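Shown next: model_5.cif, given as mmCIF, C-alpha atoms.
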data_run
#
loop_
_atom_site.label_atom_id
_atom_site.label_comp_id
_atom_site.auth_asym_id
_atom_site.auth_seq_id
_atom_site.Cartn_x
_atom_site.Cartn_y
_atom_site.Cartn_z
CA MET A 1 -35.11 -46.91 -4.10
CA LYS A 2 -34.12 -43.84 -6.14
CA PHE A 3 -33.44 -44.33 -9.85
CA GLY A 4 -31.69 -41.79 -12.05
CA ILE A 5 -32.19 -42.33 -15.78
CA LEU A 6 -29.81 -41.34 -18.58
CA ILE A 7 -31.08 -41.35 -22.17
CA ASN A 8 -28.50 -41.10 -24.95
CA GLU A 9 -30.62 -41.41 -28.09
CA GLY A 10 -33.51 -39.60 -29.75
CA PRO A 11 -37.12 -40.77 -29.80
CA PHE A 12 -37.24 -42.39 -33.26
CA THR A 13 -34.05 -43.91 -34.62
CA HIS A 14 -33.34 -46.08 -31.59
CA GLN A 15 -35.50 -47.91 -29.07
CA ALA A 16 -33.53 -46.49 -26.13
CA SER A 17 -36.02 -43.82 -25.09
CA ASP A 18 -38.92 -46.28 -25.34
CA THR A 19 -37.17 -48.79 -23.11
CA ALA A 20 -36.25 -46.03 -20.65
CA TYR A 21 -39.86 -44.85 -20.60
CA HIS A 22 -41.24 -48.34 -19.89
CA PHE A 23 -38.58 -48.89 -17.22
CA THR A 24 -39.42 -45.57 -15.57
CA LYS A 25 -43.17 -46.34 -15.57
CA ALA A 26 -42.53 -49.79 -14.08
CA ALA A 27 -40.21 -48.38 -11.40
CA LEU A 28 -42.78 -45.77 -10.38
CA ALA A 29 -45.54 -48.40 -10.39
CA ALA A 30 -43.45 -50.54 -8.03
CA GLY A 31 -43.24 -47.64 -5.59
CA HIS A 32 -39.70 -46.49 -6.41
CA ASP A 33 -38.72 -42.88 -7.01
CA VAL A 34 -37.40 -41.57 -10.32
CA PRO A 35 -36.38 -38.06 -9.37
CA ARG A 36 -34.50 -37.24 -12.57
CA VAL A 37 -34.24 -38.25 -16.22
CA PHE A 38 -31.25 -36.73 -17.98
CA PHE A 39 -31.14 -36.37 -21.77
CA TYR A 40 -27.71 -36.37 -23.37
CA TYR A 41 -26.22 -36.85 -26.86
CA ASP A 42 -29.07 -37.17 -29.41
CA GLY A 43 -31.29 -37.90 -26.40
CA VAL A 44 -31.94 -34.16 -26.26
CA ASN A 45 -34.22 -34.66 -29.29
CA ASN A 46 -36.75 -36.22 -26.92
CA ALA A 47 -37.48 -32.64 -25.85
CA ASN A 48 -38.21 -31.15 -29.29
CA LYS A 49 -41.71 -29.67 -29.16
CA PHE A 50 -41.86 -29.38 -32.96
CA SER A 51 -41.58 -33.13 -33.38
CA ALA A 52 -44.79 -34.43 -34.98
CA PRO A 53 -44.95 -38.20 -35.25
CA GLN A 54 -47.73 -39.78 -37.32
CA ALA A 55 -51.05 -40.22 -35.53
CA ASP A 56 -50.80 -44.02 -35.34
CA ASP A 57 -47.40 -43.93 -33.62
CA ARG A 58 -46.49 -43.16 -30.03
CA ASN A 59 -45.31 -39.65 -29.20
CA LEU A 60 -42.48 -40.03 -26.71
CA ILE A 61 -42.05 -36.28 -26.32
CA LYS A 62 -45.61 -35.99 -25.02
CA LEU A 63 -45.39 -39.25 -23.05
CA TRP A 64 -42.32 -38.02 -21.16
CA GLY A 65 -43.94 -34.63 -20.57
CA ALA A 66 -47.12 -36.22 -19.21
CA LEU A 67 -45.14 -38.51 -16.92
CA ALA A 68 -43.19 -35.54 -15.59
CA ALA A 69 -46.40 -33.66 -14.82
CA GLU A 70 -48.13 -36.63 -13.23
CA LYS A 71 -45.26 -38.06 -11.21
CA ASN A 72 -43.10 -34.99 -10.72
CA VAL A 73 -40.12 -36.36 -12.63
CA ASP A 74 -37.40 -33.80 -13.30
CA LEU A 75 -36.65 -34.00 -17.06
CA VAL A 76 -33.31 -32.34 -17.71
CA VAL A 77 -31.86 -31.65 -21.15
CA CYS A 78 -28.11 -31.09 -21.34
CA VAL A 79 -27.49 -27.49 -22.38
CA ALA A 80 -24.34 -28.13 -24.45
CA ALA A 81 -25.71 -31.24 -26.21
CA GLY A 82 -29.00 -29.37 -26.78
CA LEU A 83 -27.38 -26.28 -28.27
CA ARG A 84 -25.51 -28.41 -30.79
CA ARG A 85 -28.79 -29.94 -31.90
CA GLY A 86 -31.01 -26.87 -31.77
CA ILE A 87 -32.81 -27.74 -28.55
CA THR A 88 -33.09 -24.42 -26.75
CA ASP A 89 -35.82 -22.61 -24.78
CA GLY A 90 -37.60 -21.87 -28.04
CA THR A 91 -37.85 -25.52 -29.07
CA LEU A 92 -38.26 -27.09 -25.64
CA ALA A 93 -41.40 -29.19 -25.07
CA ASP A 94 -43.54 -28.91 -21.94
CA GLY A 95 -42.23 -30.73 -18.92
CA PHE A 96 -38.52 -30.42 -19.78
CA ARG A 97 -35.92 -27.97 -18.58
CA ILE A 98 -32.40 -27.19 -19.77
CA SER A 99 -29.42 -27.39 -17.46
CA GLY A 100 -25.79 -28.42 -17.23
CA LEU A 101 -24.08 -31.78 -17.34
CA GLY A 102 -23.44 -31.45 -13.61
CA GLN A 103 -27.07 -32.48 -13.14
CA LEU A 104 -26.21 -35.90 -14.56
CA VAL A 105 -23.30 -36.38 -12.18
CA GLU A 106 -25.54 -35.21 -9.34
CA ALA A 107 -28.19 -37.79 -10.31
CA GLY A 108 -25.49 -40.47 -10.25
CA MET A 109 -24.36 -39.30 -6.82
CA GLY A 110 -27.82 -38.87 -5.35
CA CYS A 111 -29.62 -41.94 -6.71
CA ASP A 112 -29.22 -45.56 -5.63
CA ARG A 113 -28.98 -46.56 -9.29
CA LEU A 114 -28.11 -44.74 -12.49
CA MET A 115 -29.74 -46.53 -15.42
CA MET A 116 -28.44 -45.80 -18.89
CA PHE A 117 -30.25 -46.28 -22.19
CA GLY A 118 -28.61 -45.69 -25.54
CA ASP A 119 -27.47 -47.18 -28.81
CA MET B 1 -23.96 -55.52 -11.17
CA LEU B 2 -26.68 -55.74 -13.80
CA HIS B 3 -25.42 -55.73 -17.38
CA THR B 4 -27.74 -55.02 -20.27
CA VAL B 5 -26.95 -55.87 -23.87
CA ASN B 6 -29.12 -54.32 -26.56
CA LYS B 7 -27.36 -55.43 -29.75
CA SER B 8 -27.78 -58.58 -31.78
CA PRO B 9 -24.66 -60.79 -31.66
CA PHE B 10 -25.01 -61.11 -35.42
CA GLU B 11 -24.47 -57.37 -35.83
CA ARG B 12 -21.99 -56.21 -33.18
CA ASN B 13 -19.42 -57.48 -30.69
CA THR B 14 -21.32 -55.96 -27.74
CA LEU B 15 -22.29 -59.30 -26.21
CA ASP B 16 -18.71 -60.59 -26.54
CA SER B 17 -17.39 -57.51 -24.74
CA CYS B 18 -19.99 -57.84 -22.02
CA LEU B 19 -19.10 -61.50 -21.47
CA ARG B 20 -15.36 -60.78 -21.45
CA LEU B 21 -15.60 -57.82 -19.07
CA SER B 22 -18.36 -58.83 -16.66
CA ALA B 23 -17.44 -60.28 -13.28
CA LYS B 24 -18.52 -63.81 -12.38
CA GLY B 25 -21.86 -63.83 -10.61
CA SER B 26 -23.14 -60.64 -12.21
CA ALA B 27 -26.48 -60.68 -14.01
CA ILE B 28 -27.03 -60.13 -17.72
CA LEU B 29 -30.31 -58.92 -19.20
CA LEU B 30 -30.82 -59.02 -22.96
CA ILE B 31 -33.01 -56.18 -24.23
CA GLU B 32 -34.03 -54.58 -27.54
CA ASP B 33 -32.10 -56.26 -30.42
CA GLY B 34 -30.03 -58.02 -27.76
CA VAL B 35 -32.85 -60.54 -27.27
CA ILE B 36 -31.73 -62.30 -30.46
CA ALA B 37 -28.81 -63.72 -28.45
CA ALA B 38 -31.27 -65.59 -26.23
CA MET B 39 -32.62 -67.78 -29.05
CA LYS B 40 -31.90 -71.51 -29.25
CA GLY B 41 -30.49 -73.11 -32.37
CA THR B 42 -28.61 -70.17 -33.90
CA VAL B 43 -24.89 -70.06 -34.64
CA GLN B 44 -24.64 -67.54 -31.79
CA SER B 45 -26.51 -69.59 -29.15
CA ALA B 46 -23.32 -71.05 -27.63
CA LYS B 47 -22.39 -67.63 -26.24
CA ILE B 48 -25.32 -67.40 -23.88
CA GLU B 49 -25.30 -71.16 -23.20
CA GLY B 50 -21.70 -70.74 -22.04
CA ALA B 51 -22.44 -67.58 -20.08
CA LEU B 52 -24.96 -69.42 -17.91
CA ALA B 53 -22.08 -71.12 -16.08
CA ASP B 54 -20.94 -67.80 -14.57
CA HIS B 55 -23.97 -65.53 -14.83
CA SER B 56 -27.69 -65.44 -14.31
CA VAL B 57 -29.14 -64.48 -17.70
CA PHE B 58 -32.48 -62.83 -18.40
CA VAL B 59 -34.31 -61.67 -21.50
CA LEU B 60 -36.93 -58.94 -21.80
CA GLY B 61 -40.24 -60.56 -22.83
CA PRO B 62 -41.84 -57.52 -24.51
CA ASP B 63 -38.83 -57.27 -26.85
CA LEU B 64 -39.08 -60.97 -27.76
CA LYS B 65 -42.77 -60.63 -28.44
CA ALA B 66 -42.36 -57.49 -30.55
CA ARG B 67 -39.94 -59.39 -32.79
CA GLY B 68 -42.14 -62.47 -33.10
CA LEU B 69 -39.70 -64.59 -31.10
CA ALA B 70 -41.38 -67.29 -29.02
CA GLU B 71 -40.49 -67.81 -25.37
CA ASP B 72 -40.40 -71.54 -26.14
CA ASN B 73 -37.34 -70.92 -28.29
CA VAL B 74 -35.40 -69.19 -25.54
CA ILE B 75 -32.26 -71.03 -24.40
CA ASP B 76 -32.90 -73.23 -21.35
CA GLY B 77 -31.87 -71.48 -18.16
CA VAL B 78 -32.52 -67.96 -19.49
CA LYS B 79 -35.41 -66.40 -17.61
CA VAL B 80 -37.97 -64.17 -19.31
CA VAL B 81 -38.87 -60.97 -17.43
CA ASP B 82 -41.14 -58.00 -18.10
CA TYR B 83 -40.37 -54.31 -17.35
CA ALA B 84 -41.33 -54.81 -13.69
CA GLY B 85 -38.85 -57.70 -13.63
CA PHE B 86 -36.21 -55.41 -15.17
CA VAL B 87 -36.74 -52.99 -12.28
CA ASP B 88 -36.45 -55.82 -9.74
CA LEU B 89 -33.17 -56.96 -11.34
CA ALA B 90 -31.81 -53.42 -11.07
CA VAL B 91 -32.74 -53.33 -7.39
CA GLU B 92 -31.22 -56.75 -6.64
CA HIS B 93 -28.00 -56.61 -8.62
CA GLY B 94 -26.55 -53.19 -7.89
CA ALA B 95 -25.12 -50.77 -10.42
CA HIS B 96 -26.29 -50.88 -14.02
CA ASN B 97 -23.84 -51.30 -16.87
CA ALA B 98 -25.41 -50.76 -20.27
CA TRP B 99 -23.16 -52.16 -23.01
CA LEU B 100 -23.78 -49.65 -25.77
CA MET C 1 -41.08 -29.83 -13.57
CA ALA C 2 -39.59 -28.40 -10.46
CA GLU C 3 -35.88 -28.94 -10.18
CA TYR C 4 -35.19 -31.89 -7.92
CA GLN C 5 -32.74 -31.13 -5.12
CA PHE C 6 -30.37 -33.99 -4.43
CA ASP C 7 -28.55 -34.15 -1.16
CA THR C 8 -25.07 -34.93 -2.41
CA GLU C 9 -23.19 -33.45 0.52
CA GLY C 10 -20.26 -35.72 1.33
CA VAL C 11 -21.25 -38.29 -1.29
CA LYS C 12 -18.24 -40.00 -2.84
CA LYS C 13 -18.86 -42.50 -5.60
CA THR C 14 -16.80 -44.25 -8.21
CA PHE C 15 -17.86 -43.57 -11.77
CA THR C 16 -16.68 -45.80 -14.58
CA PHE C 17 -16.65 -44.18 -17.98
CA MET C 18 -16.64 -46.87 -20.66
CA ASN C 19 -15.24 -45.89 -24.03
CA ARG C 20 -15.68 -48.63 -26.60
CA LYS C 21 -16.14 -46.69 -29.82
CA ALA C 22 -13.62 -45.40 -32.32
CA PRO C 23 -13.25 -41.62 -32.50
CA TYR C 24 -14.90 -39.33 -35.11
CA GLY C 25 -17.25 -41.89 -36.73
CA THR C 26 -19.73 -41.01 -33.99
CA VAL C 27 -19.89 -38.23 -31.41
CA TYR C 28 -19.88 -40.47 -28.32
CA ALA C 29 -16.19 -40.21 -27.55
CA LEU C 30 -16.20 -36.43 -27.57
CA GLU C 31 -19.31 -35.95 -25.48
CA VAL C 32 -18.46 -38.52 -22.80
CA LEU C 33 -15.20 -36.68 -22.11
CA GLU C 34 -17.28 -33.64 -21.20
CA THR C 35 -18.99 -35.75 -18.52
CA VAL C 36 -15.64 -36.98 -17.24
CA LEU C 37 -14.43 -33.40 -16.82
CA ILE C 38 -17.64 -32.28 -15.09
CA SER C 39 -17.33 -35.13 -12.57
CA ALA C 40 -14.07 -33.54 -11.40
CA ALA C 41 -16.05 -30.53 -10.15
CA PHE C 42 -17.85 -32.94 -7.79
CA GLU C 43 -14.60 -34.65 -6.73
CA GLN C 44 -15.84 -38.10 -7.69
CA HIS C 45 -13.56 -41.08 -8.26
CA ALA C 46 -13.33 -42.06 -11.92
CA ASN C 47 -12.17 -45.06 -13.91
CA ILE C 48 -11.79 -43.84 -17.47
CA VAL C 49 -11.76 -47.09 -19.39
CA PHE C 50 -10.84 -47.72 -23.01
CA ALA C 51 -11.73 -51.08 -24.52
CA ASP C 52 -12.61 -52.44 -27.98
CA ASP C 53 -12.28 -49.69 -30.62
CA GLY C 54 -12.29 -47.13 -27.80
CA VAL C 55 -8.52 -47.66 -27.55
CA TYR C 56 -8.18 -45.72 -30.82
CA GLN C 57 -9.43 -42.62 -29.01
CA LEU C 58 -6.10 -42.52 -27.18
CA LYS C 59 -3.96 -42.97 -30.29
CA SER C 60 -1.48 -40.14 -30.70
CA GLY C 61 -1.32 -38.18 -33.92
CA HIS C 62 -5.02 -37.45 -34.54
CA ASP C 63 -5.18 -34.92 -37.39
CA THR C 64 -8.72 -33.97 -38.33
CA THR C 65 -7.94 -31.07 -40.65
CA GLU C 66 -9.08 -32.87 -43.78
CA ILE C 67 -12.37 -34.08 -42.28
CA ASN C 68 -12.98 -30.62 -40.76
CA MET C 69 -14.07 -32.02 -37.40
CA LYS C 70 -12.97 -30.90 -33.97
CA ASN C 71 -9.89 -32.81 -32.83
CA PHE C 72 -10.79 -33.72 -29.24
CA SER C 73 -7.51 -35.45 -28.58
CA PRO C 74 -6.13 -32.47 -26.55
CA THR C 75 -8.89 -33.15 -23.99
CA PHE C 76 -6.90 -36.19 -22.86
CA GLY C 77 -4.12 -33.83 -21.84
CA ILE C 78 -6.61 -31.98 -19.62
CA ILE C 79 -7.82 -35.24 -18.13
CA GLU C 80 -4.25 -36.29 -17.43
CA MET C 81 -3.65 -32.94 -15.71
CA GLU C 82 -6.76 -33.35 -13.54
CA LYS C 83 -5.57 -36.82 -12.62
CA GLU C 84 -2.09 -35.58 -11.72
CA ASP C 85 -3.55 -32.75 -9.62
CA ALA C 86 -5.71 -35.24 -7.75
CA ASP C 87 -2.76 -37.60 -7.24
CA GLU C 88 -0.44 -34.91 -5.95
CA ASP C 89 -2.75 -32.65 -3.92
CA ASP C 90 -3.65 -34.19 -0.54
CA ASP C 91 -6.63 -31.86 -0.26
CA ILE C 92 -8.29 -33.41 -3.30
CA ASP C 93 -9.98 -36.67 -2.33
CA MET C 94 -10.37 -38.02 -5.82
CA VAL C 95 -8.76 -40.98 -7.55
CA TRP C 96 -8.74 -41.03 -11.32
CA ARG C 97 -7.44 -43.94 -13.35
CA ILE C 98 -6.94 -44.03 -17.10
CA ILE C 99 -7.20 -47.68 -18.08
CA VAL C 100 -6.76 -49.62 -21.28
CA GLU C 101 -7.86 -53.23 -21.64
CA LYS C 102 -4.84 -55.33 -22.60
CA GLU C 103 -6.75 -57.74 -24.84
CA SER C 104 -8.35 -54.93 -26.88
CA MET C 105 -5.03 -53.13 -27.26
CA GLU C 106 -3.15 -56.24 -28.37
CA ALA C 107 -5.92 -57.39 -30.69
CA ARG C 108 -5.40 -54.13 -32.59
CA GLY C 109 -1.64 -54.41 -32.74
CA LEU C 110 -1.18 -51.40 -30.44
CA THR C 111 1.15 -50.86 -27.51
CA GLU C 112 1.27 -48.28 -24.72
CA ASP C 113 3.71 -46.27 -26.85
CA ASP C 114 0.93 -45.55 -29.33
CA PHE C 115 -1.07 -43.57 -26.81
CA LYS C 116 -1.13 -39.84 -26.21
CA VAL C 117 -1.27 -40.17 -22.42
CA GLU C 118 0.09 -42.52 -19.82
CA VAL C 119 -2.29 -45.39 -19.15
CA GLU C 120 -2.67 -48.39 -16.87
CA VAL C 121 -3.03 -51.60 -18.83
CA LEU C 122 -5.30 -54.17 -17.18
CA SER C 123 -6.26 -57.66 -18.30
CA ALA C 124 -9.90 -58.34 -19.09
CA ALA C 125 -10.25 -60.29 -15.83
CA GLU C 126 -8.77 -57.44 -13.77
CA LEU C 127 -10.89 -54.89 -15.59
CA ALA C 128 -14.07 -56.95 -15.06
CA GLU C 129 -13.51 -56.79 -11.29
CA LEU C 130 -12.82 -53.07 -11.41
CA ILE C 131 -15.97 -52.31 -13.41
CA ASP C 132 -17.97 -54.54 -11.07
CA SER C 133 -16.86 -52.49 -8.07
CA SER C 134 -17.99 -49.13 -9.47
CA ASP C 135 -21.16 -47.30 -8.40
CA CYS C 136 -22.15 -45.73 -11.71
CA VAL C 137 -21.26 -46.68 -15.25
CA ILE C 138 -21.55 -44.13 -18.05
CA SER C 139 -20.78 -45.22 -21.60
CA GLY C 140 -19.59 -43.04 -24.39
#
Using structure tokens, write down the structure from this file.
Amino acid sequence: MKFGILINEGPFTHQASDTAYHFTKAALAAGHDVPRVFFYYDGVNNANKFSAPQADDRNLIKLWGALAAEKNVDLVVCVAAGLRRGITDGTLADGFRISGLGQLVEAGMGCDRLMMFGD
Amino acid sequence: MLHTVNKSPFERNTLDSCLRLSAKGSAILLIEDGVIAAMKGTVQSAKIEGALADHSVFVLGPDLKARGLAEDNVIDGVKVVDYAGFVDLAVEHGAHNAWL
Amino acid sequence: MAEYQFDTEGVKKTFTFMNRKAPYGTVYALEVLETVLISAAFEQHANIVFADDGVYQLKSGHDTTEINMKNFSPTFGIIEMEKEDADEDDDIDMVWRIIVEKESMEARGLTEDDFKVEVEVLSAAELAELIDSSDCVISG
């Protein structure tokens, strides 16, 4: 089954991105496909390469990037939501790309399930 | 449909809205702070106890554990699942509706 | 991170956009409307649902001058126009519905006359069935 994932919150204030990450890992482990994760609202902050969490905490920015590289997950940051929050090509972490909101609608159309994680 | 609720019923009306606007027979999974609704013996317990008549109700084990909430204190009839179980629920129950 | 190519040719789904939050206190209401408008480009069916404090998004008379925030209320006019185009043009295979939950509206002492656009008012039970029948749910 194909899962599209929508993440509406950043990597620290809310648990949303953590839950989405664990869900995505579990879906892939069960043999499902997760072709696209879309980052919207403050979720775009998951792609900030200048984020530097303390050493004893998880780094979701790196975890998402590593998952994308390993499992070929398309990590898409909404361009308009990103611009508002300073996430542009210059601040974008490895593994992410910036594109339009149409890519979210497309994930909803093209996946068997669209899973949403937010506040 | 699989509904997820991620807010404590002590803090927000999210669970109430989910229960009011979810069709009979749909599944409800309590995640994140939403797991608090799954606990026995609170002034909020009646909501999930009542929901069991029309819905299958699940709670995410890792979120219980993180909050020091014992599975033994989960309301009878609510099933504890892990992330793999969350994925299975999404497969079985159709579209996902996250009550945010 | 190669771009994934979805085959969406001929795909027609029903999206439900759930709006449960009051306007301006958070950004959700504004940004979800952008998604609603984008879905029109893909000719997807949409239930644009207002429940709980989301009904205040539709209230007429928003004036944000003194809080210096963007008044997104005019966007509802655009959504209503898209809906009317879809209703009237046989070549557009797209059904849009703007729905308010009766219980939420009444609990807040509001009536249909308070809203900026024309809405369908559904009971919680009717709305539950409608949400249940949608393919994708996106919350703002």
| message | Can you spell out as a list in words the set of residues that the PyMOL selection byres ((chain C and resi 22) around 8) selects in the structure I just provided? | response | Arg20, Lys21, Pro23, Tyr24, Gly25, Thr26, Ala29, Asp53, Gly54, Val55, Tyr56 and Gln57 of chain C
| query | In terms of the shortest atom-to-atom distance over only C-alpha atoms, which of A:Gly86, A:Gly65, A:Gly108, A:Pro35 is closest to Glu3 (chain C)? | reply | A:Pro35
| task | Write out as a list in words which residues come within 12 Å of Gly110 (chain A) when counting all atoms listed in the file, dropping same-chain ones fewer than 6 positions away. | result |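 Listing them by chain and then by number gives Met1, Lys2, Phe3, Gly4, Ile5, Asp33, Val34, Pro35, Arg36, Gly102, Gln103 and Leu104 of chain A; Tyr4, Gln5, Phe6, Asp7, Thr8, Glu9, Gly10, Val11, Lys12, Lys13, Phe42, Asp135 and Cys136 of chain C.
Residues in contact with region 113-117 of chain A at 9 Å, where all atoms listed in the file are counted and same-chain residues fewer than 6 positions away are skipped, are listed as Met1, Lys2, Phe3, Gly4, Ile5, Leu6, Ile7, Asn8, Glu9, Gln15, Ala16, Ser17, Thr19, Ala20 and Ala107 of chain A; Ala90, Val91, Gly94, Ala95, His96, Asn97, Ala98 and Leu100 of chain B; Asp135, Cys136, Val137, Ile138 and Ser139 of chain C.
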| request: Compute the distance from (-23.5, -28.0, -23.5) to each atom, counting all atoms listed in the file, keep the residues with any atom at most 12 Å away, and return them as a count of residues only; use the coordinates of the file. | output: 28
